[in-house]
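Q: Got a structure for you, questions after.
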Amino acid sequence: MSALALMSRTARRIEDATPAHRDRAVDGLRALALLAVPTGHWLLGGFTLSPDGALHNASPLGAFPGFAPVSWVLQMLGIFFLVGGYASVLSYRRRKGSTRAWLGGRLARLGRPVLGVTAVWAALLPLLHFGLGVPVDTLRTASTLVVQPLWFVGVYTVVTALTPYCVRAARRLGVWAAAPLLGSVAVVDLLRYGPYADAVPSWLSLLNVLPGWLFAYQLGVSWGEGRVTRRHAWALLLGGAALFAALLLLFGYPASMVGVPGEARTNSHPPSLLVLALAAAQSGAAVLLRDRIGALLRRPALWAPVVVVNLSAMTVLCWHQTAMLAAAVPAAYAGEVPGLVGAPDSAGWILARLAWMPVFAGLLVLIGRYARRFESPWTGAGPARRALAGVLAAGFGVFALGL
């Protein structure tokens, strides 16, 4: 059987196994937002090589600020939180046990893969350093990259735990339940960037973390409750786009949606009002395009990869940086390698990095074949093994964060 025939047969089997009530548009949006994470990290993250052979993080955005609009397209966490809220409502309605049991099950699904990747890396660190001679600075760079996407899981865990309250707010206020969250972030931004910014403590920006990411999740919950109409969606799209433009052009917000080395301000850590403006516009567009996306994904050839990505969501999120490191760390022994190791400050680097993208994807698929088991319940792991995994994960976190 040819590869094309095998792919077609697999796609047909997935199509036949899909329940009729499955919301394909929501799954498609989740897959799109999820794939934007490794794409963004792989495109906008590079490495420089120090004289002692150690790798250090770098970004092409420092040399090419005109590439900032790329980050607007790839910053799709607003969509991810939107569909997360929508899916949580549906799951919450279908729960058969208590709310506590429902939350426990969902939080365990988030926690297992995180525990798995951090425990594995904790075991790898001494092997890489003492066995293969990888410099400590390289291991710190690698640890930072591995931890980088995991903050999202922590925030997502918190907003998931707030689902019952979000449902109540949606039933009472509809789409307007998200408005106080937007207002809260606006107030904090005014304080930290306004005329009295010098008198404001730096920790105040942390107050934006929860409302900043809960905003799109609350919109998703309201959407799942049927409280977001097309008129609301148009208002989100146009209002979010207008606010986004105003913040960039009139209020001097950084153009990049991700942090740029050397820049004093960042939009994403913690989220600024610009992030919420983009999330509002993306959410409005998602609601408006839902029917078209759903119709498009009726095609088995398009639906099958969406299913595969969704089934491996946490694996992709937790291990995509490891896939890039699996190429970069060995390459560092050869010196600078175009698009992989070396200052990301030329057009040649960008073209070479694009050529490396399929390699990273292939490595992620290979790693995922083994790492995906962390997404399943650890039925074969006893208390001792789980405790060991917890200790390893904690040790890796201490090392990665430099505590």
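Chain identifiers are assigned as A, B, and so on, following the order in which chains appear in the structure tokens; residues are numbered from 1 within each chain, and ligands are numbered from 1 in order of appearance.
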Could you name the residues that touch A:Ala347 at 10 Å or less, counting only C-alpha atoms, but leaving out those on the same chain fewer than 5 positions away, as a PyMOL selection string?
A: chain A and resi 60+64+339+352-353
Q: Would you mind telling me which residue in A:Leu77, A:Leu325, A:Val341, A:Val26 lies nearest to A:Val359 when using only C-alpha atoms?
A: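 Under the stated criterion, the closest residue is A:Leu325.
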Q: Give me the residues within 12 Å of A:Leu366 as a list in words, counting only C-alpha atoms and dropping any in the same chain fewer than 3 places off.
A: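 Neighbouring residues, sequence-local ones excluded: Thr315, Val316, Trp319, His320, Thr322, Ala323, Ala326, Val359, Phe360, Ala361, Gly362, Leu363, Arg369, Tyr370, Ala371 and Arg372 of chain A.
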Q: Return as a list in words the full set of residues in stretch 34-246 of chain A whose backbone-based DSSP assignment is strand (DSSP E or B).
A: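 Answer for stretch 34-246 of chain A, restricted to strand (DSSP E or B): Gly46, Phe47, Thr48, Leu49, Leu55, His56, Asn57 and Ala58 of chain A.
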Q: What's the separation between atom CA of A:Ala313 and atom CA of A:Val153, in Å to one decimal place?
A: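 Taking atom CA of A:Ala313 as the start and atom CA of A:Val153 as the end point, the length is 11.5 Å.
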Q: Atom CA of A:Leu392 and atom CA of A:Ala123, how far apart in Å?
A: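 For atom CA of A:Ala123 relative to atom CA of A:Leu392, the distance reads 7.2 Å.
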Q: Which residues are near A:Val134? Cut-off 12 Å, only C-alpha atoms, ignore same chain within fewer than 2 positions. Put them as a list in words.
A: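 These residues fall inside the cut-off: Asp52, Gly53, Ala54, Leu55, Leu124, Leu125, Pro126, Leu127, Leu128, His129, Phe130, Gly131, Leu132, Val136, Asp137, Thr138, Leu139, Arg140, Thr141, Ala142, Ala328, Val329, Pro330, Ala331, Ala332 and Tyr333 of chain A.
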Q: Select, from A:Arg265, A:His41, A:Lys96, A:Arg373, the residue with the minimum atom-to-atom distance to A:Met324, counting only C-alpha atoms.
A: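 Ranking A:Arg265, A:His41, A:Lys96, A:Arg373 by distance to A:Met324, first place goes to A:His41.
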Q: Can you tell me which residues surround stretch 393-399 of chain A at a distance of at most 6 Å, considering only C-alpha atoms, apart from same-chain residues fewer than 5 positions away, and format the answer as number ranges by chain?
A: A: 115, 118-119, 122
Q: Given only C-alpha atoms as the basis, pick out the residue of A:Leu364, A:Ala17, A:Ala343, A:Ala295 nearest to A:Gln321.
A: A:Leu364
Q: Between stretch 122-184 of chain A and stretch 208-221 of chain A, at 12 Å or less, what are the per-residue closest atom pairs and their distances in Å? Count only C-alpha atoms, order by chain and rising residue number, and return it as a Markdown table.
A:
```
| residue | atom | partner | partner_atom | distance |
| --- | --- | --- | --- | --- |
| A:Trp151 | CA | A:Val209 | CA | 10.7 |
| A:Phe152 | CA | A:Trp213 | CA | 9.3 |
| A:Val153 | CA | A:Trp213 | CA | 11.5 |
| A:Gly154 | CA | A:Leu210 | CA | 10.6 |
| A:Val155 | CA | A:Leu210 | CA | 7.2 |
| A:Tyr156 | CA | A:Trp213 | CA | 8.2 |
| A:Thr157 | CA | A:Leu214 | CA | 10.9 |
| A:Val158 | CA | A:Leu210 | CA | 8.2 |
| A:Val159 | CA | A:Leu214 | CA | 6.1 |
| A:Thr160 | CA | A:Tyr217 | CA | 8.7 |
| A:Ala161 | CA | A:Leu214 | CA | 11.1 |
| A:Leu162 | CA | A:Leu214 | CA | 9.1 |
| A:Thr163 | CA | A:Val221 | CA | 7.9 |
| A:Pro164 | CA | A:Val221 | CA | 9.8 |
| A:Tyr165 | CA | A:Gln218 | CA | 9.7 |
| A:Cys166 | CA | A:Gln218 | CA | 6.1 |
| A:Val167 | CA | A:Val221 | CA | 6.3 |
| A:Arg168 | CA | A:Val221 | CA | 9.6 |
| A:Ala169 | CA | A:Gln218 | CA | 8.5 |
| A:Ala170 | CA | A:Val221 | CA | 6.7 |
| A:Arg171 | CA | A:Val221 | CA | 9.4 |
| A:Leu173 | CA | A:Gln218 | CA | 10.9 |
| A:Gly174 | CA | A:Leu219 | CA | 8.7 |
| A:Val175 | CA | A:Leu219 | CA | 6.2 |
| A:Trp176 | CA | A:Leu219 | CA | 8.6 |
| A:Ala177 | CA | A:Gln218 | CA | 7.0 |
| A:Ala178 | CA | A:Phe215 | CA | 5.5 |
| A:Ala179 | CA | A:Phe215 | CA | 8.0 |
| A:Pro180 | CA | A:Pro211 | CA | 8.6 |
| A:Leu181 | CA | A:Pro211 | CA | 5.0 |
| A:Leu182 | CA | A:Phe215 | CA | 6.7 |
| A:Gly183 | CA | A:Pro211 | CA | 9.2 |
| A:Ser184 | CA | A:Pro211 | CA | 7.1 |
```
Q: Please provide as a PDB file with N, CA and C atoms, in the first residue's frame all residues within 12 Å of A:Ser91, with the sequence filter that same-chain residues fewer than 2 positions apart are discarded (counting only C-alpha atoms).
A:
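Dumped to selection13.pdb:
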```pdb
ATOM      1  N   GLY A  84     -10.628  27.035  24.999  1.00  0.00           N
ATOM      2  CA  GLY A  84     -10.538  26.321  26.265  1.00  0.00           C
ATOM      3  C   GLY A  84     -11.747  26.590  27.138  1.00  0.00           C
ATOM      4  N   GLY A  85     -12.167  27.851  27.199  1.00  0.00           N
ATOM      5  CA  GLY A  85     -13.368  28.189  27.962  1.00  0.00           C
ATOM      6  C   GLY A  85     -14.608  27.563  27.379  1.00  0.00           C
ATOM      7  N   TYR A  86     -14.701  27.576  26.048  1.00  0.00           N
ATOM      8  CA  TYR A  86     -15.854  26.977  25.373  1.00  0.00           C
ATOM      9  C   TYR A  86     -15.935  25.483  25.667  1.00  0.00           C
ATOM     10  N   ALA A  87     -14.804  24.792  25.509  1.00  0.00           N
ATOM     11  CA  ALA A  87     -14.789  23.344  25.733  1.00  0.00           C
ATOM     12  C   ALA A  87     -15.041  23.003  27.196  1.00  0.00           C
ATOM     13  N   SER A  88     -14.561  23.834  28.103  1.00  0.00           N
ATOM     14  CA  SER A  88     -14.766  23.573  29.526  1.00  0.00           C
ATOM     15  C   SER A  88     -16.243  23.629  29.893  1.00  0.00           C
ATOM     16  N   VAL A  89     -16.968  24.562  29.289  1.00  0.00           N
ATOM     17  CA  VAL A  89     -18.407  24.653  29.557  1.00  0.00           C
ATOM     18  C   VAL A  89     -19.109  23.366  29.137  1.00  0.00           C
ATOM     19  N   ARG A  93     -20.906  20.754  31.772  1.00  0.00           N
ATOM     20  CA  ARG A  93     -22.317  20.362  31.702  1.00  0.00           C
ATOM     21  C   ARG A  93     -22.476  18.846  31.705  1.00  0.00           C
ATOM     22  N   ARG A  94     -21.526  18.148  31.067  1.00  0.00           N
ATOM     23  CA  ARG A  94     -21.645  16.686  30.919  1.00  0.00           C
ATOM     24  C   ARG A  94     -21.139  15.923  32.139  1.00  0.00           C
ATOM     25  N   ARG A  95     -20.564  16.620  33.118  1.00  0.00           N
ATOM     26  CA  ARG A  95     -19.961  15.920  34.258  1.00  0.00           C
ATOM     27  C   ARG A  95     -21.008  15.055  34.965  1.00  0.00           C
ATOM     28  N   LYS A  96     -20.579  13.889  35.398  1.00  0.00           N
ATOM     29  CA  LYS A  96     -21.480  12.971  36.090  1.00  0.00           C
ATOM     30  C   LYS A  96     -21.253  12.975  37.599  1.00  0.00           C
ATOM     31  N   GLY A  97     -20.055  13.384  38.000  1.00  0.00           N
ATOM     32  CA  GLY A  97     -19.760  13.436  39.418  1.00  0.00           C
ATOM     33  C   GLY A  97     -19.827  14.856  39.946  1.00  0.00           C
ATOM     34  N   THR A  99     -18.326  18.646  41.172  1.00  0.00           N
ATOM     35  CA  THR A  99     -17.461  19.650  40.549  1.00  0.00           C
ATOM     36  C   THR A  99     -16.006  19.402  40.911  1.00  0.00           C
ATOM     37  N   TRP A 102     -14.657  16.669  38.751  1.00  0.00           N
ATOM     38  CA  TRP A 102     -14.468  17.173  37.387  1.00  0.00           C
ATOM     39  C   TRP A 102     -13.191  17.988  37.285  1.00  0.00           C
ATOM     40  N   LEU A 103     -12.977  18.882  38.244  1.00  0.00           N
ATOM     41  CA  LEU A 103     -11.768  19.703  38.237  1.00  0.00           C
ATOM     42  C   LEU A 103     -10.523  18.840  38.428  1.00  0.00           C
ATOM     43  N   GLY A 105     -10.012  15.768  37.515  1.00  0.00           N
ATOM     44  CA  GLY A 105      -9.688  15.072  36.281  1.00  0.00           C
ATOM     45  C   GLY A 105      -9.034  15.976  35.254  1.00  0.00           C
ATOM     46  N   ARG A 106      -9.545  17.187  35.105  1.00  0.00           N
ATOM     47  CA  ARG A 106      -8.990  18.113  34.125  1.00  0.00           C
ATOM     48  C   ARG A 106      -7.604  18.604  34.533  1.00  0.00           C
ATOM     49  N   THR A 160      -8.873  27.242  34.683  1.00  0.00           N
ATOM     50  CA  THR A 160      -9.753  26.070  34.634  1.00  0.00           C
ATOM     51  C   THR A 160     -10.431  25.853  35.981  1.00  0.00           C
ATOM     52  N   THR A 163     -13.595  27.790  36.453  1.00  0.00           N
ATOM     53  CA  THR A 163     -14.682  27.554  35.502  1.00  0.00           C
ATOM     54  C   THR A 163     -16.074  27.685  36.130  1.00  0.00           C
ATOM     55  N   PRO A 164     -16.359  27.078  37.284  1.00  0.00           N
ATOM     56  CA  PRO A 164     -17.712  27.225  37.845  1.00  0.00           C
ATOM     57  C   PRO A 164     -18.111  28.682  38.059  1.00  0.00           C
ATOM     58  N   VAL A 167     -18.823  30.309  34.685  1.00  0.00           N
ATOM     59  CA  VAL A 167     -20.136  29.908  34.179  1.00  0.00           C
ATOM     60  C   VAL A 167     -21.227  30.761  34.820  1.00  0.00           C
ATOM     61  N   VAL A 221     -16.238  30.895  27.740  1.00  0.00           N
ATOM     62  CA  VAL A 221     -17.311  30.369  28.576  1.00  0.00           C
ATOM     63  C   VAL A 221     -18.647  30.992  28.171  1.00  0.00           C
ATOM     64  N   GLY A 224     -19.739  29.415  25.009  1.00  0.00           N
ATOM     65  CA  GLY A 224     -20.276  28.082  25.247  1.00  0.00           C
ATOM     66  C   GLY A 224     -21.663  28.111  25.863  1.00  0.00           C
ATOM     67  N   GLU A 225     -21.976  29.182  26.592  1.00  0.00           N
ATOM     68  CA  GLU A 225     -23.302  29.344  27.182  1.00  0.00           C
ATOM     69  C   GLU A 225     -24.292  29.971  26.199  1.00  0.00           C
TER      70      GLU A 225
END
```
Q: If you measure from atom CA of A:Ser312 to atom CA of A:Arg12, what distance in Å do you get, rounded to one decimal?
A: 19.4 Å
Q: Rank nothing, just name the residue among A:Pro149, A:Gly78, A:Pro51, A:Gly111 nearest to A:Ala33, using only C-alpha atoms.
A: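 Closest to A:Ala33 of all the choices is A:Gly78.
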Q: Which residue, A:Ala280, A:Ala199, A:Leu354, A:Val188, has the smallest gap to A:Trp42 when you use only C-alpha atoms?
A: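 Result for the nearest residue to A:Trp42: A:Leu354.
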